[in-house]
Amino acid sequence: MLLEARGLGVHFATPRGLLRAVNGVSLEIEAGETLGLVGESGCGKSTLGRAIMRLVPIAEGELLLENQYITRLEGTALKQVRPKVQMVFQDPVSSLNPRRRVGSLVGQPLSVAGWSRRDIADRVAELLAQVSLPKDAMDRYPHEFSGGQRQRIGIARALALSPKLVICDEPVSALDVSVRAQVVNLLKDIQDRLGVGYLFISHDLSVVENVADRLMVMYLGRVVEQGRAADVLARPAHPYTHALLSAAPVANPALARSRQRVVLQGELPSPVNPPSGCTFRTRCPYAEARCAAEAPALRPVGDQHVACHFDFSEGFADATTGVSA
C-alpha cells in the first residue's frame, strides 16, 4: 500500500468553537492509482490533501506512507519522507514566485535535497521536457507563460524528486476549458510512465470521471460515499452524491432534459456547529427521525461504501412523487 489514512482528523480553533475540517477520514491509495476526491467548497478536500502533505497539524488518526507511520514525524525524519509526497496546487499564478526564474523554481526541491548545481540543471531540463516545455523556459519568469504552461511548471516542480504520490489540488480549475484536457492528459501520461499515485481533488465531476480509478465523496469533513469511480458515477448510493451528479453539466441536451434534477434546499451547515446525527440530514429530501438521532457509519452497499441509514443502491425515488430515478 502506497498511502493509508486511518481515522484522520484536522481541527482548527476558531472564536466560535472547534472546527472539525476533516473528521475521521480513512482512505487508501495504491501505487499507480488515482483516487478522486470530490465535494462542495468547504467540505475539507484541500485540508485533507494538506494534512497528507503534513502542511497542517493532524489532530487525530494515523497516516502511513509505504507502511511507515508519518503522522508525528518532525525535523530530519520528516524531511527524509517529504520527497515521496509532493503537491500540485490549484492556482498556477500564486503558487509560483514571480521574482524567480523557472529553472530556480523547478530546481529548488533539488537544491534543498543537496544536489549539485550541474545535476540540478540537467534534471530541470529533463523535467521541462517531460511536461512539454522547451529547455530555454528555465531562463524565463512565470508571467511569460500562459496559465496552462504555468501549471506544467508546477507539475515539473512536483516531479523533481521522483515522488511516489502527488496530491493534485484542483489542478485544472483555474484553467480555460480548452487547456484542461491537455493538463489532464499530461498527468495521465506521467502516471503511465512513472507509476506515480495521485490524490486528485476536484469539484468537476467530468474531469474526475476521466482520471480517477476510485472515487471518494466528502461532505462537511466526512466521507459519505466511496468506491470504484465508474460504479459511483453510474449508480450513486448516497443522496448527496446523487445531487452532485444531477447538477453536473451534460453536453447532450436531450439527456439533460430527461435527467432528474435534485435541488438541495438550504445552505451548507456550519462545520463549527454541525447538525446532530447525519450531517447531511438538514438538506436531504429522504431524512427521517433516525437521521437526527444517529450518525450513519460507512458501510458496504453493493460495490460501494456509503454513510447512509438507507439503501439506495436500486435508485432514488423522488421525494415528492415517488418516481424512481
# chains A, B, ... in the order shown; residues from 1 in each chain; ligands from 1
$ residues_around --residues "segment 267-271 of chain A" --least-positions-apart "5" --cutoff "7 Å" --atoms "only C-alpha atoms" --output "list in words"
Leu19, Arg20, Ala21 and Leu220 of chain A
$ write_last_selection --atoms "N, CA, C and O atoms" --output "mmCIF file, in the first residue's frame"
data_model
loop_
_atom_site.group_PDB
_atom_site.id
_atom_site.type_symbol
_atom_site.label_atom_id
_atom_site.label_comp_id
_atom_site.auth_asym_id
_atom_site.auth_seq_id
_atom_site.Cartn_x
_atom_site.Cartn_y
_atom_site.Cartn_z
ATOM 1 N N LEU A 19 -13.473 23.828 14.933
ATOM 2 C CA LEU A 19 -13.891 23.492 13.573
ATOM 3 C C LEU A 19 -13.231 22.180 13.173
ATOM 4 O O LEU A 19 -12.005 22.104 13.062
ATOM 5 N N ARG A 20 -14.039 21.160 12.937
ATOM 6 C CA ARG A 20 -13.522 19.862 12.523
ATOM 7 C C ARG A 20 -13.540 19.807 10.996
ATOM 8 O O ARG A 20 -14.486 19.326 10.384
ATOM 9 N N ALA A 21 -12.460 20.316 10.387
ATOM 10 C CA ALA A 21 -12.397 20.413 8.927
ATOM 11 C C ALA A 21 -12.334 19.035 8.267
ATOM 12 O O ALA A 21 -12.897 18.830 7.196
ATOM 13 N N LEU A 220 -18.964 18.015 4.543
ATOM 14 C CA LEU A 220 -18.762 18.590 5.878
ATOM 15 C C LEU A 220 -17.709 17.815 6.684
ATOM 16 O O LEU A 220 -17.909 17.484 7.852
#
$ residues_around --residues "Ala31 of chain A" --least-positions-apart "4" --cutoff "9 Å" --atoms "only C-alpha atoms" --output "number ranges by chain"
A: 1-3, 164-165, 195-198
$ residues_around --residues "Leu8 of chain A" --least-positions-apart "2" --cutoff "8 Å" --atoms "only C-alpha atoms" --output "list in words"
Ala5, Arg6, Val10, Val22, Asn23, Gly24, Val25, Ser26, Ile58, Ala59, Glu60, Gly61, Glu62 and Leu63 of chain A
$ residues_around --residues "segment 105-112 of chain A" --least-positions-apart "6" --cutoff "10 Å" --atoms "only C-alpha atoms" --output "list in words"
Lys79, Pro83, Leu96, Asn97, Pro98, Arg99, Asp119, Ile120, Ala121, Asp122, Arg123, Val124, Ala125, Leu127, Leu128, Met138, Tyr141, Pro142, Ile153, Gly154, Ile155, Ala156, Arg157, Ala158, Leu159, Ala160 and Leu161 of chain A
$ residues_around --residues "segment 39-53 of chain A" --least-positions-apart "4" --cutoff "7 Å" --atoms "only C-alpha atoms" --output "list in words"
Ala21, Val22, Pro57, Ile58, Val85, Ile167, Asp169, Ile201, His203, Val217, Met218, Tyr219, Leu220 and Gly221 of chain A
$ select_by_dssp --residues "segment 36-167 of chain A" --states "helix (DSSP H, G or I)" --output "ChimeraX atom specification"
/A:45-52,75-84,102-112,117-130,135-139,142-144,147-159
$ closest_residue --among "A:Pro171, A:Gly227, A:Pro236, A:Pro163" --to "Val81 of chain A" --atoms "only C-alpha atoms"
A:Pro163
$ closest_atom_pairs --of "segment 132-233 of chain A" --to "segment 306-316 of chain A" --cutoff "8 Å" --atoms "only C-alpha atoms" --output "tab-separated table"
residue	atom	partner	partner_atom	distance
A:Val223	CA	A:Ala307	CA	7.3
A:Val224	CA	A:Ala307	CA	4.8
A:Glu225	CA	A:Val306	CA	4.4
A:Gln226	CA	A:Val306	CA	6.7
$ atom_distance --atom1 "atom CA of Arg193 of chain A" --atom2 "atom CA of Arg117 of chain A"
26.3 Å
$ residues_around --residues "Val179 of chain A" --least-positions-apart "6" --cutoff "9 Å" --atoms "only C-alpha atoms" --output "MDAnalysis selection string"
chainID A and resid 147:148 172
$ write_last_selection --atoms "all heavy atoms" --output "JSON list (two decimals), in the first residue's frame"
[["chain", "number", "residue", "atom", "x", "y", "z"],
["A", 147, "GLY", "N", -1.53, 30.25, -18.62],
["A", 147, "GLY", "CA", -1.97, 29.53, -17.43],
["A", 147, "GLY", "C", -1.67, 28.05, -17.51],
["A", 147, "GLY", "O", -1.21, 27.44, -16.53],
["A", 148, "GLY", "N", -1.91, 27.44, -18.66],
["A", 148, "GLY", "CA", -1.63, 26.02, -18.82],
["A", 148, "GLY", "C", -0.15, 25.71, -18.71],
["A", 148, "GLY", "O", 0.25, 24.70, -18.11],
["A", 172, "VAL", "N", -6.77, 21.83, -12.45],
["A", 172, "VAL", "CA", -7.21, 22.41, -13.72],
["A", 172, "VAL", "C", -8.36, 23.40, -13.56],
["A", 172, "VAL", "O", -8.85, 23.94, -14.55],
["A", 172, "VAL", "CB", -7.62, 21.30, -14.73],
["A", 172, "VAL", "CG1", -6.44, 20.42, -15.06],
["A", 172, "VAL", "CG2", -8.77, 20.46, -14.20]]
$ residues_around --residues "segment 211-214 of chain A" --least-positions-apart "6" --cutoff "8 Å" --atoms "only C-alpha atoms" --output "mmCIF file with N, CA and C atoms, in the first residue's frame"
data_model
loop_
_atom_site.group_PDB
_atom_site.id
_atom_site.type_symbol
_atom_site.label_atom_id
_atom_site.label_comp_id
_atom_site.auth_asym_id
_atom_site.auth_seq_id
_atom_site.Cartn_x
_atom_site.Cartn_y
_atom_site.Cartn_z
ATOM 1 N N GLU A 33 -2.209 4.359 -8.890
ATOM 2 C CA GLU A 33 -3.661 4.505 -8.841
ATOM 3 C C GLU A 33 -4.032 5.965 -8.622
ATOM 4 N N THR A 34 -5.210 6.352 -9.131
ATOM 5 C CA THR A 34 -5.739 7.691 -8.894
ATOM 6 C C THR A 34 -7.017 7.603 -8.073
ATOM 7 N N LEU A 35 -6.986 8.231 -6.899
ATOM 8 C CA LEU A 35 -8.172 8.349 -6.067
ATOM 9 C C LEU A 35 -8.743 9.745 -6.263
ATOM 10 N N GLY A 36 -9.961 9.839 -6.800
ATOM 11 C CA GLY A 36 -10.616 11.122 -6.958
ATOM 12 C C GLY A 36 -11.323 11.517 -5.681
ATOM 13 N N VAL A 184 -4.739 17.389 -18.060
ATOM 14 C CA VAL A 184 -5.204 16.081 -17.592
ATOM 15 C C VAL A 184 -4.488 14.965 -18.338
ATOM 16 N N LYS A 188 -1.969 11.995 -16.827
ATOM 17 C CA LYS A 188 -2.178 10.574 -17.089
ATOM 18 C C LYS A 188 -0.953 9.958 -17.754
ATOM 19 N N PHE A 200 -6.496 13.057 -6.502
ATOM 20 C CA PHE A 200 -6.951 14.091 -7.427
ATOM 21 C C PHE A 200 -8.175 14.772 -6.829
ATOM 22 N N GLN A 226 -17.807 6.052 -1.160
ATOM 23 C CA GLN A 226 -16.576 5.750 -1.878
ATOM 24 C C GLN A 226 -16.713 4.407 -2.581
ATOM 25 N N GLY A 227 -15.948 4.246 -3.659
ATOM 26 C CA GLY A 227 -15.995 3.024 -4.445
ATOM 27 C C GLY A 227 -15.301 3.243 -5.771
ATOM 28 N N ARG A 228 -15.402 2.264 -6.658
ATOM 29 C CA ARG A 228 -14.844 2.430 -7.996
ATOM 30 C C ARG A 228 -15.523 3.607 -8.679
ATOM 31 N N ALA A 229 -14.737 4.438 -9.360
ATOM 32 C CA ALA A 229 -15.281 5.664 -9.939
ATOM 33 C C ALA A 229 -16.434 5.368 -10.894
ATOM 34 N N ALA A 230 -16.276 4.355 -11.726
ATOM 35 C CA ALA A 230 -17.322 4.027 -12.695
ATOM 36 C C ALA A 230 -18.617 3.634 -11.995
#
$ closest_residue --among "A:Val208, A:Leu298, A:Glu74, A:Asp136" --to "Ala181 of chain A" --atoms "only C-alpha atoms"
A:Val208
$ atom_distance --atom1 "atom CA of Met87 of chain A" --atom2 "atom CA of Thr14 of chain A"
26.9 Å
$ atom_distance --atom1 "atom CA of Cys278 of chain A" --atom2 "atom CA of Pro296 of chain A"
6.2 Å
